[in-house]
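Visitor: Pasting a structure here, questions to come.
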Amino acid sequence: MNLSANPIANLSSQADLNLMALTYVLPTPVLGGQASFALLGAYGRVDTTLGAQVSGTLSATAGGAPLGSVLFSRTDMINDTLWGFGDLLPMFTLRWNAGVNNYMVYLTGDVPVGAYNPSRLSNVGIGHGAVDGGFGYTYLNPQTGHEFSGVLGFTYNVTNQQTQYQNGVDMHFDWGASQFLTKQFQAGLVGYVYQEVGCDSGSGDRVGCFQSRVVGVGPQLGFIIPLTTTTQGYLNIKGYKEFANQNRPDGWNTWVTFVISPAEQTPSATPRRMITK
């Protein structure tokens, strides 16, 4: 008996998440800069579909002579939809301003309290803790309206205790460039690069190093919205087309952010970016 089989599988997933961040800014300088603490949470829906097909030929021989063959094919599809809360992400940032130059260091992490089950296709939480740190730079010239931001960070992932799988250290670089066409409206481009620089490990690792990568780029629009004489809102809309992916899904993703903050009294009252996607 001889068996020849050709398996094909396709996985697609869509996540619609609502994120909320609470931020407290210290009223006094720290190391000559402005320090803040934040806590980010999420709630939303993840819809995942797994489709698979196996086709092939089963043949038999006797004494070297073929007796015949049978063609077979099997197709199946599994769908899993989940509504739930995501993990909590505490963050500490420290920022400095020197004219048109702005600098930042940050430390954040992942507290794995979100909806997660390794036997499910859809999860809102990631199932393990993580620590992330890095630095950022923003150039913002109120006279010309030119703006550019870049944030480089590295993430250390803790072992997933349910699967005994540990993702390697990853590097991520987020950037954005825009032009303020008016004092309240900006347009430009955003992008990011994600590259796993360490290797996956753990007793649950059955695939070896398995490093992943993805690159994204797309447009962005920003609007400053006066709310009161002392507060203002900032609405940012940006989308990314992902490509150059390796061991990681790609596609389109869109982010809509709305921030309420104290209004500045000078033309330089444009929102400090320094916010990764």
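Here's how to read the names in the structure tokens: chain A, B, ... by the order shown, residue numbers from 1 in each chain, ligand numbers from 1 in the order shown.
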Excluding A:Gln53 and residues on its chain fewer than 5 positions from it, collect all residues at most 9 Å away from it, counting only C-alpha atoms, and give them as a VMD selection string.

Guide: chain A and resid 6 to 9 73 to 77

Visitor: Now that the selection is made, can you save its residues with C-alpha atoms as a PDB file, in the first residue's frame?

Guide:
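The resulting part-v4.pdb:
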ATOM      1  CA  ASN A   6      -1.155  16.824   0.113  1.00  0.00           C
ATOM      2  CA  PRO A   7      -2.435  18.860   3.103  1.00  0.00           C
ATOM      3  CA  ILE A   8      -3.378  22.550   2.688  1.00  0.00           C
ATOM      4  CA  ALA A   9      -4.420  24.816   5.583  1.00  0.00           C
ATOM      5  CA  SER A  73     -10.170  14.396  -0.583  1.00  0.00           C
ATOM      6  CA  ARG A  74     -11.386  15.774   2.754  1.00  0.00           C
ATOM      7  CA  THR A  75     -12.229  19.389   3.548  1.00  0.00           C
ATOM      8  CA  ASP A  76     -13.088  20.840   6.949  1.00  0.00           C
ATOM      9  CA  MET A  77     -13.520  24.303   8.455  1.00  0.00           C
TER      10      MET A  77
END

Visitor: Near A:Asn253, within 9 Å and counting only C-alpha atoms, which residues show up once chain neighbours fewer than 5 positions away are dropped, as a PyMOL selection string?

Guide: chain A and resi 238-242

Visitor: Could you pull the residues within 10 Å of A:Pro90, counting only C-alpha atoms, minus those fewer than 5 positions along the same chain, as a list in words?

Guide: Ala21, Leu22, Thr23, Phe37, Ala38, Leu39, Leu40, Gly41, Leu107, Thr108, Gly109, Asp110 and Val111 of chain A

Visitor: Restrict the selected residues to C-alpha atoms and save them as a short mmCIF file (atom, residue, chain, number, x, y, z; two decimals), in the first residue's frame.

Guide:
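The resulting file, again18.cif, is reproduced below:
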data_model
loop_
_atom_site.label_atom_id
_atom_site.label_comp_id
_atom_site.auth_asym_id
_atom_site.auth_seq_id
_atom_site.Cartn_x
_atom_site.Cartn_y
_atom_site.Cartn_z
CA ALA A 21 -5.65 54.18 28.75
CA LEU A 22 -5.64 56.05 32.06
CA THR A 23 -2.64 58.36 32.50
CA PHE A 37 2.26 56.53 34.60
CA ALA A 38 -0.39 54.85 32.46
CA LEU A 39 -2.52 51.71 32.48
CA LEU A 40 -3.89 50.33 29.21
CA GLY A 41 -6.74 47.83 28.94
CA LEU A 107 9.16 50.90 30.34
CA THR A 108 6.05 48.80 29.95
CA GLY A 109 4.91 45.22 30.25
CA ASP A 110 2.07 42.75 29.86
CA VAL A 111 0.08 41.40 32.83
#

Visitor: For the interface of stretch 53-170 of chain A with stretch 204-217 of chain A (cut-off 8 Å, counting only C-alpha atoms), please tabulate each contacting residue of stretch 53-170 of chain A alongside its nearest pair of atoms and their separation in Å to one decimal, rows sorted by chain and increasing number, as JSON lines.

Guide:
{"residue": "A:Thr163", "atom": "CA", "partner": "A:Gly204", "partner_atom": "CA", "distance": 5.8}
{"residue": "A:Gln164", "atom": "CA", "partner": "A:Gly204", "partner_atom": "CA", "distance": 4.7}
{"residue": "A:Tyr165", "atom": "CA", "partner": "A:Gly204", "partner_atom": "CA", "distance": 4.9}
{"residue": "A:Gln166", "atom": "CA", "partner": "A:Asp205", "partner_atom": "CA", "distance": 7.7}
{"residue": "A:Gly168", "atom": "CA", "partner": "A:Gln211", "partner_atom": "CA", "distance": 7.6}

Visitor: Take the residues just selected and output them with C-alpha atoms as a short mmCIF file (atom, residue, chain, number, x, y, z; two decimals), in the first residue's frame.

Guide:
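Listed below is the output, part_10.cif:
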data_model
loop_
_atom_site.label_atom_id
_atom_site.label_comp_id
_atom_site.auth_asym_id
_atom_site.auth_seq_id
_atom_site.Cartn_x
_atom_site.Cartn_y
_atom_site.Cartn_z
CA THR A 163 2.14 25.59 26.84
CA GLN A 164 5.71 25.79 28.23
CA TYR A 165 6.59 27.87 25.14
CA GLN A 166 8.71 31.02 25.30
CA GLY A 168 12.33 35.00 21.74
#

Visitor: With the cut-off set at 12 Å and counting only C-alpha atoms, tabulate each residue of stretch 53-98 of chain A with an atom at most that distance from an atom of stretch 131-150 of chain A, showing the nearest atom pair and its distance in Å to one decimal, ordered by chain and increasing number, as a Markdown table.

Guide:
| residue | atom | partner | partner_atom | distance |
| --- | --- | --- | --- | --- |
| A:Leu89 | CA | A:Val131 | CA | 9.7 |
| A:Pro90 | CA | A:Val131 | CA | 10.0 |
| A:Met91 | CA | A:Asp132 | CA | 9.3 |
| A:Phe92 | CA | A:Gly133 | CA | 9.5 |
| A:Thr93 | CA | A:Phe135 | CA | 9.3 |
| A:Leu94 | CA | A:Phe135 | CA | 9.5 |
| A:Arg95 | CA | A:Gly136 | CA | 9.1 |
| A:Trp96 | CA | A:Tyr137 | CA | 9.7 |
| A:Asn97 | CA | A:Thr138 | CA | 9.4 |
| A:Ala98 | CA | A:Tyr139 | CA | 9.9 |

Visitor: Kindly indicate which residue among A:Gln162, A:Asn245, A:Ser59, A:Gln34 lies nearest to A:Tyr106, using only C-alpha atoms for the distances.

Guide: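 Using only C-alpha atoms, A:Tyr106 sits closest to A:Gln34.
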
Visitor: Considering only C-alpha atoms, can you say which of A:Thr155, A:Val25, A:Gly202, A:Ala115 comes closest to A:Ser261?

Guide: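 Smallest separation from A:Ser261 among the options: A:Val25.
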
Visitor: Using only C-alpha atoms, which residue out of A:Cys199, A:Leu31, A:Ile237, A:Leu17 lies closest to A:Trp83?

Guide: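 Distance minimum relative to A:Trp83 lands on A:Leu17.
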
Visitor: Counting only C-alpha atoms, which residue out of A:Trp252, A:Phe72, A:Tyr43, A:Tyr116 sits closest to A:Gly84?

Guide: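 Counting only C-alpha atoms, the residue closest to A:Gly84 is A:Tyr43.
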
Visitor: Hey, can you check how far atom CA of A:Pro249 sits from atom CA of A:Asn157?

Guide: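 Taking atom CA of A:Pro249 as the start and atom CA of A:Asn157 as the end point, the length is 19.1 Å.
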